[in-house]
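Worksheet for the structure shown next.
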Amino acid sequence: MGEEITFRRLGPPDANVLEAVAEGTFDGPVRADSTAAFLASPDHEMVVALDGVLVVGMISGVVYWHPDKLPELWVAELGVAGPWHRRGIGAELVAAMVGIGRLRGCRGVWVLTDDDNAPALATYRKAGGRVSSGHVMFDWDGE
C-alpha cells in the first residue's frame, strides 16, 4: 500500500491482471473461466485500480442495447478493498466507466444501489451522479 494507484481498462488479453486481487475487491474469489468469458464479451467493460500489480478496486459494466434507441451502460458492480477505502478510488473508477460509456456512444450510464448504502451513495455523488426518482426494482433472484 505504498505505490501510486493506477487505473486500467481490461480487455480479452488481460485476464492475468486479475490473478493478484486484494481481498474484498470482489464478492468472492475470481474465477478464471468467468473472467475469460467476461473479458471476451464486446459488451462487457471492466476497469481496475492497481496498487503496483495488486488489484485493489474494480468496476464492471454492461452495454445494454435497445432496438429503438441508443445503448446505455449499466454499472453492474463496484468494489474497493477495505484498506484502500476513502481515497477516492471508487469515484475514479465510476468516472472511468462513465467515460467509457461516452466513448461507446451510450445515451446514459446508470447504477442501482440500496438506499441505505451510505458509502455507495457518497461515491456515486462524488463521481457526479444524481439520484433518479420514481424507480422501483423487482428481482426474481431470491437472494
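Identifiers in the C-alpha cells: chain A, B, ... in order shown; residue index from 1 per chain; ligand index from 1 in order shown.
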(message) Residues within 6 Å of Val56 in chain A, please, as a PyMOL selection string. Count only C-alpha atoms; anything in the same chain fewer than 3 positions from it doesn't count.
(response) chain A and resi 22+25+49-50+80-81
Can you write out the residues you just picked, keeping N, CA and C atoms, as a PDB file, in the first residue's frame?
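Done, and the output landed in selection.pdb:
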```pdb
ATOM      1  N   ALA A  22      -6.662  -7.945  -4.159  1.00  0.00           N
ATOM      2  CA  ALA A  22      -6.794  -7.758  -2.714  1.00  0.00           C
ATOM      3  C   ALA A  22      -8.155  -8.284  -2.248  1.00  0.00           C
ATOM      4  N   THR A  25     -12.090  -6.895  -2.829  1.00  0.00           N
ATOM      5  CA  THR A  25     -12.305  -6.158  -4.070  1.00  0.00           C
ATOM      6  C   THR A  25     -13.524  -6.705  -4.802  1.00  0.00           C
ATOM      7  N   ALA A  49      -8.373  -0.729 -10.445  1.00  0.00           N
ATOM      8  CA  ALA A  49      -7.417   0.150  -9.772  1.00  0.00           C
ATOM      9  C   ALA A  49      -6.292  -0.740  -9.277  1.00  0.00           C
ATOM     10  N   LEU A  50      -5.071  -0.342  -9.576  1.00  0.00           N
ATOM     11  CA  LEU A  50      -3.909  -1.146  -9.231  1.00  0.00           C
ATOM     12  C   LEU A  50      -2.987  -0.403  -8.273  1.00  0.00           C
ATOM     13  N   VAL A  80     -13.987  -1.826  -3.857  1.00  0.00           N
ATOM     14  CA  VAL A  80     -12.661  -1.369  -3.457  1.00  0.00           C
ATOM     15  C   VAL A  80     -12.323  -2.093  -2.158  1.00  0.00           C
ATOM     16  N   ALA A  81     -11.147  -2.693  -2.098  1.00  0.00           N
ATOM     17  CA  ALA A  81     -10.726  -3.423  -0.902  1.00  0.00           C
ATOM     18  C   ALA A  81     -10.604  -2.464   0.292  1.00  0.00           C
TER      19      ALA A  81
END
```
(request) Pick out each residue of chain A that DSSP on the backbone tags as helix (DSSP H, G or I); I need them as a ChimeraX atom specification. (result) /A:12-19,32-40,82-84,89-103,118-126
(request) Quick one: everything within 10 Å of range 4-19 of chain A, counting only C-alpha atoms, minus sequence neighbours fewer than 4 positions away in the same chain. Send it as JSON, numbers by chain. (result) {"A": [29, 30, 31, 32, 33, 34, 35, 36, 37, 38, 39, 40, 41, 42, 44, 45, 46, 47, 48, 49, 50, 51, 52, 53, 54, 55, 56, 57, 58, 59, 60, 84, 87, 89, 92, 93, 96, 97, 100]}
Selection export as a short mmCIF file (atom, residue, chain, number, x, y, z; two decimals), in the first residue's frame, atoms kept: N, CA and C atoms:
```
data_model
loop_
_atom_site.label_atom_id
_atom_site.label_comp_id
_atom_site.auth_asym_id
_atom_site.auth_seq_id
_atom_site.Cartn_x
_atom_site.Cartn_y
_atom_site.Cartn_z
N PRO A 29 -13.85 -15.15 -4.70
CA PRO A 29 -12.64 -15.40 -5.49
C PRO A 29 -12.92 -15.23 -6.98
N VAL A 30 -11.93 -14.69 -7.69
CA VAL A 30 -12.04 -14.52 -9.14
C VAL A 30 -11.89 -15.90 -9.79
N ARG A 31 -12.80 -16.20 -10.71
CA ARG A 31 -12.80 -17.48 -11.42
C ARG A 31 -12.20 -17.26 -12.82
N ALA A 32 -11.25 -18.09 -13.18
CA ALA A 32 -10.59 -17.96 -14.48
C ALA A 32 -11.59 -18.11 -15.63
N ASP A 33 -12.51 -19.07 -15.53
CA ASP A 33 -13.47 -19.28 -16.62
C ASP A 33 -14.43 -18.10 -16.77
N SER A 34 -14.89 -17.56 -15.66
CA SER A 34 -15.79 -16.40 -15.70
C SER A 34 -15.05 -15.15 -16.19
N THR A 35 -13.80 -15.00 -15.76
CA THR A 35 -13.00 -13.86 -16.20
C THR A 35 -12.82 -13.89 -17.72
N ALA A 36 -12.45 -15.04 -18.25
CA ALA A 36 -12.23 -15.17 -19.69
C ALA A 36 -13.50 -14.85 -20.47
N ALA A 37 -14.64 -15.37 -20.00
CA ALA A 37 -15.92 -15.12 -20.69
C ALA A 37 -16.30 -13.65 -20.60
N PHE A 38 -16.12 -13.05 -19.43
CA PHE A 38 -16.46 -11.64 -19.24
C PHE A 38 -15.63 -10.77 -20.18
N LEU A 39 -14.33 -10.95 -20.15
CA LEU A 39 -13.44 -10.10 -20.94
C LEU A 39 -13.59 -10.34 -22.44
N ALA A 40 -14.05 -11.51 -22.83
CA ALA A 40 -14.23 -11.81 -24.26
C ALA A 40 -15.48 -11.16 -24.84
N SER A 41 -16.43 -10.79 -23.99
CA SER A 41 -17.68 -10.20 -24.48
C SER A 41 -17.46 -8.75 -24.87
N PRO A 42 -17.82 -8.38 -26.10
CA PRO A 42 -17.63 -6.98 -26.52
C PRO A 42 -18.55 -6.00 -25.79
N HIS A 44 -19.14 -6.17 -22.46
CA HIS A 44 -18.73 -6.07 -21.06
C HIS A 44 -17.53 -5.16 -20.95
N GLU A 45 -17.51 -4.38 -19.88
CA GLU A 45 -16.40 -3.45 -19.62
C GLU A 45 -15.92 -3.64 -18.19
N MET A 46 -14.63 -3.49 -17.98
CA MET A 46 -14.07 -3.54 -16.64
C MET A 46 -12.87 -2.59 -16.57
N VAL A 47 -12.82 -1.85 -15.48
CA VAL A 47 -11.67 -1.02 -15.16
C VAL A 47 -11.22 -1.43 -13.77
N VAL A 48 -9.92 -1.54 -13.59
CA VAL A 48 -9.38 -1.90 -12.28
C VAL A 48 -8.47 -0.79 -11.77
N ALA A 49 -8.37 -0.73 -10.45
CA ALA A 49 -7.42 0.15 -9.77
C ALA A 49 -6.29 -0.74 -9.28
N LEU A 50 -5.07 -0.34 -9.58
CA LEU A 50 -3.91 -1.15 -9.23
C LEU A 50 -2.99 -0.40 -8.27
N ASP A 51 -2.57 -1.10 -7.23
CA ASP A 51 -1.51 -0.63 -6.34
C ASP A 51 -0.32 -1.52 -6.69
N GLY A 52 0.53 -1.04 -7.57
CA GLY A 52 1.57 -1.91 -8.15
C GLY A 52 0.88 -2.87 -9.10
N VAL A 53 1.02 -4.18 -8.82
CA VAL A 53 0.34 -5.19 -9.64
C VAL A 53 -0.89 -5.75 -8.93
N LEU A 54 -1.17 -5.28 -7.73
CA LEU A 54 -2.30 -5.77 -6.94
C LEU A 54 -3.57 -5.00 -7.30
N VAL A 55 -4.61 -5.72 -7.71
CA VAL A 55 -5.90 -5.11 -7.99
C VAL A 55 -6.57 -4.79 -6.65
N VAL A 56 -6.84 -3.50 -6.41
CA VAL A 56 -7.43 -3.07 -5.14
C VAL A 56 -8.82 -2.46 -5.34
N GLY A 57 -9.24 -2.33 -6.59
CA GLY A 57 -10.56 -1.81 -6.89
C GLY A 57 -10.97 -2.24 -8.29
N MET A 58 -12.26 -2.30 -8.52
CA MET A 58 -12.75 -2.67 -9.84
C MET A 58 -14.16 -2.14 -10.03
N ILE A 59 -14.48 -1.92 -11.29
CA ILE A 59 -15.84 -1.58 -11.68
C ILE A 59 -16.13 -2.35 -12.95
N SER A 60 -17.33 -2.91 -13.02
CA SER A 60 -17.73 -3.62 -14.24
C SER A 60 -19.03 -3.03 -14.74
N TRP A 84 -8.04 0.34 1.13
CA TRP A 84 -7.93 1.41 0.14
C TRP A 84 -9.19 2.29 0.10
N ARG A 87 -10.15 6.89 -0.36
CA ARG A 87 -9.04 7.52 -1.07
C ARG A 87 -9.48 8.02 -2.45
N ILE A 89 -10.80 6.23 -4.82
CA ILE A 89 -10.63 5.21 -5.85
C ILE A 89 -11.97 4.85 -6.47
N GLU A 92 -13.09 7.53 -8.86
CA GLU A 92 -12.27 7.49 -10.07
C GLU A 92 -12.70 6.35 -10.99
N LEU A 93 -13.00 5.20 -10.40
CA LEU A 93 -13.47 4.06 -11.20
C LEU A 93 -14.81 4.39 -11.87
N ALA A 96 -14.22 6.71 -14.74
CA ALA A 96 -13.65 5.98 -15.87
C ALA A 96 -14.74 5.24 -16.64
N MET A 97 -15.68 4.62 -15.92
CA MET A 97 -16.74 3.87 -16.59
C MET A 97 -17.69 4.82 -17.31
N ILE A 100 -16.07 5.64 -20.51
CA ILE A 100 -16.19 4.53 -21.46
C ILE A 100 -17.58 4.55 -22.10
#
```
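Proximity ranking of A:Leu70, A:Phe26, A:Ala91, A:Arg104 relative to Asp43 in chain A places A:Arg104 first, based on only C-alpha atoms.
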(message) Quick check for you: according to DSSP on this backbone, which residues of range 51-111 of chain A are classed as strand (DSSP E or B)? Reply as a list in words.
(response)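 Secondary structure check on range 51-111 of chain A, strand (DSSP E or B): Asp51, Leu54, Val55, Val56, Gly57, Met58, Ile59, Ser60, Gly61, Val62, Val63, Tyr64, Glu72, Leu73, Trp74, Val75, Ala76, Glu77, Leu78, Gly79, Val80, Val109 and Trp110 of chain A.
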(message) For a test of reading the model, state the distance in Å between CA of Gly108 in chain A and CA of Arg86 in chain A, rounded to one decimal.
(response)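 Separation of CA of Gly108 in chain A and CA of Arg86 in chain A: 26.4 Å.
Taking CA of Glu72 in chain A and CA of Val109 in chain A as the two end points, the separation is 5.8 Å.
In this comparison, which uses only C-alpha atoms, the residue of A:Val111, A:Val136, A:Val94, A:Val75 approaching Thr123 in chain A most closely is A:Val94.
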(request) For each of A:Gly105, A:Gly28, A:Asp116, A:Val21, take the minimum atom-to-atom distance to Trp65 in chain A, counting only C-alpha atoms, then give the residue where this is smallest. (result) A:Gly105
